>>> print(open('upload_6.cif').read())   # mmCIF, C-alpha atoms
data_run
#
loop_
_atom_site.label_atom_id
_atom_site.label_comp_id
_atom_site.auth_asym_id
_atom_site.auth_seq_id
_atom_site.Cartn_x
_atom_site.Cartn_y
_atom_site.Cartn_z
CA MET A 1 109.99 100.51 68.70
CA LYS A 2 109.98 97.00 67.35
CA ASN A 3 110.91 93.75 69.04
CA THR A 4 111.70 90.11 68.35
CA ILE A 5 109.77 88.59 71.26
CA ARG A 6 107.62 86.41 69.00
CA VAL A 7 110.77 84.95 67.42
CA GLU A 8 112.48 84.45 70.78
CA ARG A 9 109.37 82.72 72.09
CA ALA A 10 109.42 80.37 69.13
CA VAL A 11 113.09 79.54 69.85
CA LEU A 12 112.27 78.62 73.45
CA ASN A 13 108.96 77.09 72.28
CA ILE A 14 106.84 78.87 74.91
CA THR A 15 103.37 80.42 74.55
CA GLN A 16 102.39 84.01 75.37
CA GLN A 17 100.74 82.69 78.52
CA GLU A 18 103.90 80.91 79.66
CA LEU A 19 106.07 83.96 78.97
CA ALA A 20 103.57 86.15 80.85
CA GLU A 21 103.68 83.87 83.89
CA LYS A 22 107.50 83.75 83.92
CA ILE A 23 107.79 87.55 84.12
CA SER A 24 104.62 88.12 86.22
CA VAL A 25 102.52 90.11 83.76
CA SER A 26 99.18 89.46 82.05
CA ARG A 27 98.89 87.77 78.66
CA GLN A 28 97.32 90.94 77.27
CA THR A 29 100.59 92.73 78.00
CA ILE A 30 102.70 90.23 76.03
CA ASN A 31 100.23 90.38 73.15
CA ALA A 32 100.21 94.21 73.15
CA ILE A 33 104.03 94.34 73.17
CA GLU A 34 104.37 91.73 70.38
CA SER A 35 101.92 93.60 68.18
CA ASN A 36 103.75 96.90 68.82
CA LYS A 37 100.75 98.46 70.58
CA TYR A 38 102.57 98.96 73.85
CA VAL A 39 106.16 99.92 74.69
CA PRO A 40 107.18 98.14 77.91
CA SER A 41 108.87 99.91 80.82
CA THR A 42 112.64 99.55 81.22
CA VAL A 43 112.09 97.10 84.10
CA LEU A 44 109.88 94.86 81.97
CA ALA A 45 112.22 95.07 78.95
CA LEU A 46 115.15 94.00 81.18
CA LYS A 47 113.11 91.10 82.58
CA ILE A 48 112.21 89.91 79.07
CA ALA A 49 115.83 90.15 77.93
CA ARG A 50 117.05 88.25 81.01
CA LEU A 51 114.56 85.47 80.39
CA PHE A 52 115.81 85.03 76.82
CA SER A 53 119.46 85.40 78.01
CA LYS A 54 120.06 88.27 75.61
CA LYS A 55 120.82 91.98 75.76
CA VAL A 56 117.89 94.40 75.66
CA GLU A 57 119.20 95.80 72.35
CA ASP A 58 119.08 92.33 70.80
CA ILE A 59 115.34 92.13 71.42
CA PHE A 60 114.17 95.74 71.22
CA SER A 61 115.25 98.19 68.52
CA LEU A 62 114.30 101.71 67.49
CA GLU A 63 112.33 102.44 64.34
CA GLU A 64 112.77 105.48 62.10
CA THR A 65 109.71 107.15 63.59
CA ASP A 66 111.04 106.90 67.19
CA MET B 1 103.84 98.87 89.55
CA GLU B 2 101.43 99.08 92.46
CA GLN B 3 98.27 100.99 91.62
CA LYS B 4 96.57 102.70 94.51
CA LEU B 5 92.89 103.64 94.75
CA LEU B 6 91.73 100.31 93.32
CA LEU B 7 89.27 97.85 94.84
CA PRO B 8 89.85 94.08 95.09
CA ASN B 9 88.91 92.11 91.96
CA ARG B 10 85.75 90.60 93.52
CA TYR B 11 84.10 94.07 93.53
CA LYS B 12 83.63 93.77 89.77
CA LYS B 13 81.23 90.86 90.29
CA TRP B 14 79.44 92.64 93.15
CA GLY B 15 79.11 95.73 90.98
CA LEU B 16 77.46 93.74 88.20
CA VAL B 17 75.07 92.08 90.68
CA LEU B 18 74.14 95.45 92.21
CA LEU B 19 73.84 97.22 88.84
CA LEU B 20 70.88 95.16 87.55
CA PRO B 21 68.36 95.92 90.36
CA SER B 22 69.60 99.52 90.63
CA LEU B 23 69.17 100.10 86.92
CA LEU B 24 65.71 98.51 86.98
CA LEU B 25 64.70 100.72 89.92
CA GLY B 26 66.11 103.77 88.14
CA ILE B 27 64.10 103.01 84.99
CA LEU B 28 60.90 102.51 87.03
CA VAL B 29 61.48 105.80 88.88
CA ARG B 30 62.27 107.73 85.71
CA PHE B 31 59.55 106.42 83.38
CA LYS B 32 56.80 105.13 85.71
CA ASP B 33 57.18 107.57 88.64
CA PHE B 34 57.61 104.56 90.88
CA GLN B 35 58.09 105.20 94.62
CA PHE B 36 58.58 102.97 97.66
CA SER B 37 56.07 104.40 100.14
CA PHE B 38 58.21 103.41 103.12
CA LEU B 39 60.93 105.72 101.82
CA THR B 40 58.77 108.83 102.23
CA LEU B 41 60.18 111.02 104.98
CA PRO B 42 58.52 114.09 106.51
CA ILE B 43 61.36 116.59 106.41
CA GLY B 44 59.48 119.58 107.82
CA LYS B 45 59.94 123.24 106.99
CA ALA B 46 63.43 123.35 108.49
CA PHE B 47 64.97 121.77 105.40
CA VAL B 48 63.03 123.80 102.89
CA LYS B 49 65.25 126.81 102.30
CA GLU B 50 62.83 128.79 100.20
CA PRO B 51 59.36 128.64 101.82
CA HIS B 52 57.78 130.87 99.15
CA LEU B 53 58.23 128.05 96.61
CA HIS B 54 55.64 125.94 98.52
CA LEU B 55 57.80 122.84 98.27
CA ASP B 56 56.45 119.56 99.61
CA GLU B 57 57.22 118.97 103.22
CA ALA B 58 57.71 115.27 102.60
CA VAL B 59 60.44 113.80 100.46
CA ASN B 60 60.58 110.35 98.88
CA LEU B 61 64.03 108.77 98.71
CA THR B 62 63.39 106.12 96.01
CA ASP B 63 65.25 108.12 93.35
CA GLU B 64 68.15 108.75 95.75
CA LEU B 65 68.35 104.99 96.37
CA ALA B 66 68.29 104.16 92.65
CA LEU B 67 70.96 106.72 91.70
CA THR B 68 73.18 105.71 94.63
CA GLY B 69 72.91 102.06 93.59
CA ILE B 70 73.77 102.84 89.96
CA ILE B 71 76.74 105.09 90.81
CA VAL B 72 78.17 102.73 93.46
CA SER B 73 77.87 99.68 91.18
CA LEU B 74 79.48 101.55 88.25
CA LEU B 75 82.33 102.64 90.56
CA PHE B 76 82.79 99.03 91.71
CA ILE B 77 82.99 97.81 88.09
CA ALA B 78 85.23 100.67 86.96
CA PHE B 79 87.75 100.58 89.80
CA ALA B 80 88.05 96.88 90.62
CA ARG B 81 91.55 95.52 90.22
CA GLU B 82 92.07 93.16 87.27
CA LYS B 83 93.03 89.57 88.14
CA SER B 84 96.57 90.17 86.92
CA GLU B 85 97.37 93.86 87.34
CA ASP B 86 100.49 95.07 85.56
CA GLU B 87 101.93 98.15 83.85
CA PHE B 88 100.07 97.67 80.55
CA ILE B 89 96.72 97.38 82.35
CA ALA B 90 97.55 100.48 84.44
CA HIS B 91 98.47 102.31 81.22
CA THR B 92 95.25 101.16 79.53
CA ARG B 93 93.19 102.26 82.55
CA LEU B 94 94.65 105.77 82.52
CA SER B 95 94.39 106.22 78.76
CA SER B 96 90.79 104.95 78.87
CA LEU B 97 89.95 107.52 81.57
CA GLN B 98 91.41 110.30 79.42
CA TRP B 99 89.51 109.03 76.39
CA ALA B 100 86.24 108.75 78.36
CA VAL B 101 86.44 112.27 79.84
CA LEU B 102 87.21 113.77 76.43
CA LEU B 103 84.42 111.89 74.61
CA ASN B 104 82.00 112.68 77.44
CA TYR B 105 82.51 116.44 77.00
CA VAL B 106 82.35 116.22 73.21
CA LEU B 107 78.96 114.51 73.61
CA LEU B 108 77.87 117.08 76.22
CA LEU B 109 78.80 119.95 73.89
CA LEU B 110 76.86 118.35 71.03
CA ALA B 111 73.84 117.80 73.29
CA THR B 112 74.08 121.40 74.57
CA TRP B 113 73.59 122.69 71.04
CA LEU B 114 71.14 120.05 69.85
CA VAL B 115 68.81 119.54 72.85
CA HIS B 116 66.73 122.42 74.15
CA GLY B 117 64.12 123.03 76.82
CA LEU B 118 63.18 120.45 79.43
CA GLY B 119 64.88 117.67 77.47
CA TYR B 120 68.19 119.15 78.56
CA ILE B 121 67.46 117.99 82.12
CA ASP B 122 67.56 114.43 80.75
CA VAL B 123 70.90 115.20 79.08
CA MET B 124 72.32 116.38 82.40
CA MET B 125 70.91 113.35 84.19
CA TYR B 126 72.47 110.84 81.79
CA ASN B 127 75.68 112.88 81.71
CA MET B 128 76.15 112.17 85.42
CA LEU B 129 76.82 108.54 84.49
CA THR B 130 78.35 108.65 81.00
CA VAL B 131 81.99 109.24 82.09
CA LEU B 132 81.97 105.98 84.05
CA ILE B 133 80.04 104.07 81.38
CA LEU B 134 82.32 105.23 78.53
CA PHE B 135 85.38 104.41 80.65
CA ILE B 136 84.16 100.88 81.46
CA ILE B 137 83.34 100.18 77.78
CA ARG B 138 86.64 101.46 76.41
CA PHE B 139 88.85 99.87 79.12
CA ASN B 140 87.30 96.42 78.72
CA TYR B 141 87.27 96.70 74.93
CA VAL B 142 91.03 97.34 74.81
CA LEU B 143 91.80 94.54 77.30
CA ASN B 144 89.61 92.07 75.45
CA SER B 145 90.97 92.94 72.03
CA ASN B 146 94.45 92.14 73.38
CA LYS B 147 93.25 88.83 74.81
CA LYS B 148 92.37 87.52 71.37
CA SER B 149 95.89 86.84 70.22
CA VAL B 150 97.47 85.01 67.36
CA GLU B 151 99.36 82.20 69.04
#
>>> encode(input="upload_6.cif", output="structure tokens")
Amino acid sequence: MKNTIRVERAVLNITQQELAEKISVSRQTINAIESNKYVPSTVLALKIARLFSKKVEDIFSLEETD
Amino acid sequence: MEQKLLLPNRYKKWGLVLLLPSLLLGILVRFKDFQFSFLTLPIGKAFVKEPHLHLDEAVNLTDELALTGIIVSLLFIAFAREKSEDEFIAHTRLSSLQWAVLLNYVLLLLATWLVHGLGYIDVMMYNMLTVLILFIIRFNYVLNSNKKSVE
């Protein structure tokens, strides 16, 4: 699964640390999700989407291998 | 996601503080036959199950103290909560445990075939601690490698 979190962060001009604080996770988690090392839970994906005021599908999308 | 069976974060520091003297004591016991004389207890024949083996009737508890200190401090370090616990850290902890148990038994199998005689007692002794040590190394390596990010 790939995601556009890095792009969305750039739009809002917030750092990984700031995003992490807003959704109550560690910075390692944001970094692992952005670098496609970790697939977040549904709860966390919904929180991220809500913060960026977008639908989950606009931020997360399936890859051919999924 | 609330993770049960974890200690408060401060136990990590306490574990590190306790590990140094315990490890030092363990090394002295293992390689220099060091003993605290005040830890020698007369246990009497009642505790010696096989009298024909002519076991000592006194037991020294220095090695028990050292091993207890090492195991307790490793448990403190391994199972202390991270400052910001979340689902990725919980996931990393579980996958690191799986990785550590697997690697531990691969190493044990290798040692079983490569080490023979009395040396195997050393293998078993170190193997008591390697699961925890491998887990601590792998868990902290993964967390740290995700800390170094490209901002």
>>> residues_around(input="upload_6.cif", residues="Ile137 in chain B", least_positions_apart="6", cutoff="10 Å", atoms="all atoms listed in the file", output="PyMOL selection string")
chain B and resi 78+96+100
>>> atom_distance(input="upload_6.cif", atom1="CA of Thr92 in chain B", atom2="CA of Phe139 in chain B")
6.5 Å
>>> residues_around(input="upload_6.cif", residues="Leu20 in chain B", least_positions_apart="6", cutoff="10 Å", atoms="only C-alpha atoms", output="ChimeraX atom specification")
/B:26,69-70,73
>>> residues_around(input="upload_6.cif", residues="range 36-40 of chain A", least_positions_apart="4", cutoff="10 Å", atoms="only C-alpha atoms", output="mmCIF file with C-alpha atoms, in the frame of the given file")
data_model
loop_
_atom_site.group_PDB
_atom_site.id
_atom_site.type_symbol
_atom_site.label_atom_id
_atom_site.label_comp_id
_atom_site.auth_asym_id
_atom_site.auth_seq_id
_atom_site.Cartn_x
_atom_site.Cartn_y
_atom_site.Cartn_z
ATOM 1 C CA MET A 1 109.990 100.510 68.700
ATOM 2 C CA LYS A 2 109.980 97.000 67.350
ATOM 3 C CA ASN A 3 110.910 93.750 69.040
ATOM 4 C CA THR A 29 100.590 92.730 78.000
ATOM 5 C CA ILE A 30 102.700 90.230 76.030
ATOM 6 C CA ASN A 31 100.230 90.380 73.150
ATOM 7 C CA ALA A 32 100.210 94.210 73.150
ATOM 8 C CA LEU A 44 109.880 94.860 81.970
ATOM 9 C CA ALA A 45 112.220 95.070 78.950
ATOM 10 C CA LEU A 46 115.150 94.000 81.180
ATOM 11 C CA ILE A 48 112.210 89.910 79.070
ATOM 12 C CA PHE A 60 114.170 95.740 71.220
ATOM 13 C CA GLU B 87 101.930 98.150 83.850
ATOM 14 C CA PHE B 88 100.070 97.670 80.550
ATOM 15 C CA HIS B 91 98.470 102.310 81.220
ATOM 16 C CA THR B 92 95.250 101.160 79.530
ATOM 17 C CA ASN B 146 94.450 92.140 73.380
#
>>> closest_residue(input="upload_6.cif", among="A:Thr4, A:Ser61, A:Asn13, A:Ser26", to="chain B", atoms="all atoms listed in the file")
A:Ser26
>>> atom_distance(input="upload_6.cif", atom1="CA of Val106 in chain B", atom2="CA of Tyr120 in chain B")
15.4 Å
>>> closest_residue(input="upload_6.cif", among="B:Ile89, B:Leu108, B:Leu102, B:Leu18", to="chain A", atoms="all atoms listed in the file")
B:Ile89
>>> resolve_selection(input="upload_6.cif", expression="the PyMOL selection byres ((chain B) within 9 of (chain A))", output="number ranges by chain")
B: 83-89, 143-151
>>> residues_around(input="upload_6.cif", residues="Ala80 in chain B", least_positions_apart="2", cutoff="7 Å", atoms="all atoms listed in the file", output="list of chain:residue names")
B:Leu6, B:Leu7, B:Pro8, B:Asn9, B:Tyr11, B:Lys12, B:Phe76, B:Ile77, B:Ala78, B:Glu82
>>> atom_distance(input="upload_6.cif", atom1="CA of Leu74 in chain B", atom2="CA of Asp122 in chain B")
19.1 Å
>>> closest_residue(input="upload_6.cif", among="A:Phe52, A:Ile23, A:Thr42, A:Asp58", to="Ala10 in chain A", atoms="all atoms listed in the file")
A:Phe52
>>> closest_residue(input="upload_6.cif", among="B:Phe31, B:Tyr141, B:Phe79, B:Tyr105", to="Asn127 in chain B", atoms="all atoms listed in the file")
B:Tyr105
>>> axis_aligned_box(input="upload_6.cif", around="range 33-45 of chain A", padding_each_side="8 Å", output="AutoDock Vina command-line options")
--center_x 106.7 --center_y 95.8 --center_z 76.1 --size_x 27.9 --size_y 24.2 --size_z 31.9
>>> resolve_selection(input="upload_6.cif", expression="the PyMOL selection byres ((chain B and resi 34) around 12)", output="compact mmCIF listing (two decimals) with C-alpha atoms, keeping the file's coordinate frame")
# COMPACT_ATOMS: atom_id res chain seq x y z
CA LEU B 24 65.71 98.51 86.98
CA LEU B 25 64.70 100.72 89.92
CA GLY B 26 66.11 103.77 88.14
CA ILE B 27 64.10 103.01 84.99
CA LEU B 28 60.90 102.51 87.03
CA VAL B 29 61.48 105.80 88.88
CA ARG B 30 62.27 107.73 85.71
CA PHE B 31 59.55 106.42 83.38
CA LYS B 32 56.80 105.13 85.71
CA ASP B 33 57.18 107.57 88.64
CA GLN B 35 58.09 105.20 94.62
CA PHE B 36 58.58 102.97 97.66
CA SER B 37 56.07 104.40 100.14
CA LEU B 39 60.93 105.72 101.82
CA ASN B 60 60.58 110.35 98.88
CA LEU B 61 64.03 108.77 98.71
CA THR B 62 63.39 106.12 96.01
CA ASP B 63 65.25 108.12 93.35
CA ALA B 66 68.29 104.16 92.65
>>> resolve_selection(input="upload_6.cif", expression="the PyMOL selection byres ((chain B and resi 104) around 12)", output="MDAnalysis selection string")
chainID B and resid 96:103 105:111 123:124 126:135
>>> decode(input="upload_6.cif", residues="range 20-142 of chain B", atoms="C-alpha atoms", output="mmCIF file, in the first residue's frame")
data_model
loop_
_atom_site.group_PDB
_atom_site.id
_atom_site.type_symbol
_atom_site.label_atom_id
_atom_site.label_comp_id
_atom_site.auth_asym_id
_atom_site.auth_seq_id
_atom_site.Cartn_x
_atom_site.Cartn_y
_atom_site.Cartn_z
ATOM 1 C CA LEU B 20 26.304 -3.074 34.818
ATOM 2 C CA PRO B 21 27.055 -4.352 38.367
ATOM 3 C CA SER B 22 25.177 -7.614 37.704
ATOM 4 C CA LEU B 23 27.149 -8.270 34.539
ATOM 5 C CA LEU B 24 30.418 -7.445 36.299
ATOM 6 C CA LEU B 25 29.532 -9.819 39.154
ATOM 7 C CA GLY B 26 28.544 -12.503 36.640
ATOM 8 C CA ILE B 27 31.885 -12.186 34.814
ATOM 9 C CA LEU B 28 33.823 -12.382 38.112
ATOM 10 C CA VAL B 29 31.847 -15.475 39.179
ATOM 11 C CA ARG B 30 32.249 -17.188 35.814
ATOM 12 C CA PHE B 31 35.928 -16.480 35.093
ATOM 13 C CA LYS B 32 37.491 -15.813 38.525
ATOM 14 C CA ASP B 33 35.353 -18.116 40.721
ATOM 15 C CA PHE B 34 34.515 -15.084 42.809
ATOM 16 C CA GLN B 35 32.264 -15.602 45.859
ATOM 17 C CA PHE B 36 30.864 -13.323 48.551
ATOM 18 C CA SER B 37 31.631 -15.253 51.739
ATOM 19 C CA PHE B 38 28.590 -13.834 53.528
ATOM 20 C CA LEU B 39 26.390 -15.513 50.925
ATOM 21 C CA THR B 40 27.490 -19.006 51.956
ATOM 22 C CA LEU B 41 24.592 -20.852 53.546
ATOM 23 C CA PRO B 42 24.756 -24.199 55.350
ATOM 24 C CA ILE B 43 21.869 -26.049 53.745
ATOM 25 C CA GLY B 44 22.285 -29.364 55.548
ATOM 26 C CA LYS B 45 21.577 -32.840 54.253
ATOM 27 C CA ALA B 46 17.838 -32.216 54.005
ATOM 28 C CA PHE B 47 18.218 -30.335 50.719
ATOM 29 C CA VAL B 48 20.670 -32.739 49.162
ATOM 30 C CA LYS B 49 18.452 -35.201 47.351
ATOM 31 C CA GLU B 50 21.139 -37.652 46.381
ATOM 32 C CA PRO B 51 23.437 -38.243 49.386
ATOM 33 C CA HIS B 52 25.616 -40.752 47.506
ATOM 34 C CA LEU B 53 26.927 -37.902 45.330
ATOM 35 C CA HIS B 54 28.693 -36.390 48.395
ATOM 36 C CA LEU B 55 27.517 -32.904 47.500
ATOM 37 C CA ASP B 56 28.691 -29.987 49.616
ATOM 38 C CA GLU B 57 26.476 -29.249 52.544
ATOM 39 C CA ALA B 58 27.027 -25.532 52.127
ATOM 40 C CA VAL B 59 25.926 -23.508 49.145
ATOM 41 C CA ASN B 60 27.176 -20.113 48.016
ATOM 42 C CA LEU B 61 24.556 -17.839 46.471
ATOM 43 C CA THR B 62 26.854 -15.379 44.616
ATOM 44 C CA ASP B 63 26.087 -16.941 41.225
ATOM 45 C CA GLU B 64 22.348 -16.936 41.996
ATOM 46 C CA LEU B 65 22.597 -13.224 42.828
ATOM 47 C CA ALA B 66 24.508 -12.426 39.623
ATOM 48 C CA LEU B 67 22.144 -14.354 37.334
ATOM 49 C CA THR B 68 19.061 -12.902 39.041
ATOM 50 C CA GLY B 69 20.463 -9.387 38.595
ATOM 51 C CA ILE B 70 21.236 -9.969 34.908
ATOM 52 C CA ILE B 71 17.841 -11.535 34.111
ATOM 53 C CA VAL B 72 15.831 -8.929 36.049
ATOM 54 C CA SER B 73 17.716 -6.010 34.459
ATOM 55 C CA LEU B 74 17.313 -7.494 30.954
ATOM 56 C CA LEU B 75 13.570 -7.957 31.620
ATOM 57 C CA PHE B 76 13.323 -4.333 32.793
ATOM 58 C CA ILE B 77 15.043 -3.094 29.605
ATOM 59 C CA ALA B 78 13.078 -5.420 27.314
ATOM 60 C CA PHE B 79 9.601 -4.790 28.715
ATOM 61 C CA ALA B 80 9.665 -1.118 29.669
ATOM 62 C CA ARG B 81 7.061 0.961 27.871
ATOM 63 C CA GLU B 82 8.409 3.381 25.250
ATOM 64 C CA LYS B 83 7.860 7.091 25.942
ATOM 65 C CA SER B 84 5.230 7.257 23.210
ATOM 66 C CA GLU B 85 3.652 3.819 22.870
ATOM 67 C CA ASP B 86 1.529 3.294 19.774
ATOM 68 C CA GLU B 87 0.487 0.595 17.303
ATOM 69 C CA PHE B 88 3.703 0.666 15.256
ATOM 70 C CA ILE B 89 5.834 0.239 18.384
ATOM 71 C CA ALA B 90 3.574 -2.615 19.558
ATOM 72 C CA HIS B 91 3.907 -4.205 16.113
ATOM 73 C CA THR B 92 7.700 -3.761 16.173
ATOM 74 C CA ARG B 93 7.891 -5.274 19.666
ATOM 75 C CA LEU B 94 5.976 -8.402 18.643
ATOM 76 C CA SER B 95 7.844 -8.894 15.372
ATOM 77 C CA SER B 96 11.157 -8.419 17.213
ATOM 78 C CA LEU B 97 10.162 -11.102 19.738
ATOM 79 C CA GLN B 98 9.357 -13.507 16.900
ATOM 80 C CA TRP B 99 12.639 -12.671 15.186
ATOM 81 C CA ALA B 100 14.623 -13.097 18.432
ATOM 82 C CA VAL B 101 13.108 -16.492 19.312
ATOM 83 C CA LEU B 102 13.729 -17.792 15.789
ATOM 84 C CA LEU B 103 17.336 -16.550 15.607
ATOM 85 C CA ASN B 104 17.985 -17.839 19.134
ATOM 86 C CA TYR B 105 17.034 -21.397 18.147
ATOM 87 C CA VAL B 106 18.961 -21.222 14.876
ATOM 88 C CA LEU B 107 22.038 -20.266 16.917
ATOM 89 C CA LEU B 108 21.302 -23.015 19.472
ATOM 90 C CA LEU B 109 21.023 -25.619 16.701
ATOM 91 C CA LEU B 110 24.322 -24.466 15.194
ATOM 92 C CA ALA B 111 26.016 -24.571 18.604
ATOM 93 C CA THR B 112 24.545 -28.033 19.284
ATOM 94 C CA TRP B 113 26.339 -29.402 16.246
ATOM 95 C CA LEU B 114 29.517 -27.342 16.545
ATOM 96 C CA VAL B 115 30.254 -27.339 20.299
ATOM 97 C CA HIS B 116 30.920 -30.589 22.105
ATOM 98 C CA GLY B 117 31.846 -31.747 25.599
ATOM 99 C CA LEU B 118 31.947 -29.426 28.587
ATOM 100 C CA GLY B 119 31.900 -26.350 26.350
ATOM 101 C CA TYR B 120 28.244 -27.088 25.689
ATOM 102 C CA ILE B 121 27.466 -26.112 29.294
ATOM 103 C CA ASP B 122 28.679 -22.610 28.381
ATOM 104 C CA VAL B 123 26.399 -22.652 25.327
ATOM 105 C CA MET B 124 23.412 -23.508 27.522
ATOM 106 C CA MET B 125 24.387 -20.848 30.036
ATOM 107 C CA TYR B 126 24.613 -18.059 27.452
ATOM 108 C CA ASN B 127 21.483 -19.372 25.741
ATOM 109 C CA MET B 128 19.496 -18.579 28.892
ATOM 110 C CA LEU B 129 20.030 -14.891 28.123
ATOM 111 C CA THR B 130 20.277 -14.676 24.328
ATOM 112 C CA VAL B 131 16.511 -14.479 23.603
ATOM 113 C CA LEU B 132 16.244 -11.295 25.676
ATOM 114 C CA ILE B 133 19.502 -9.833 24.352
ATOM 115 C CA LEU B 134 18.619 -10.492 20.681
ATOM 116 C CA PHE B 135 15.138 -9.036 21.269
ATOM 117 C CA ILE B 136 16.494 -5.848 22.883
ATOM 118 C CA ILE B 137 19.024 -5.333 20.057
ATOM 119 C CA ARG B 138 16.547 -5.887 17.227
ATOM 120 C CA PHE B 139 13.684 -3.864 18.805
ATOM 121 C CA ASN B 140 15.861 -0.822 19.483
ATOM 122 C CA TYR B 141 17.579 -1.096 16.099
ATOM 123 C CA VAL B 142 14.248 -0.928 14.244
#
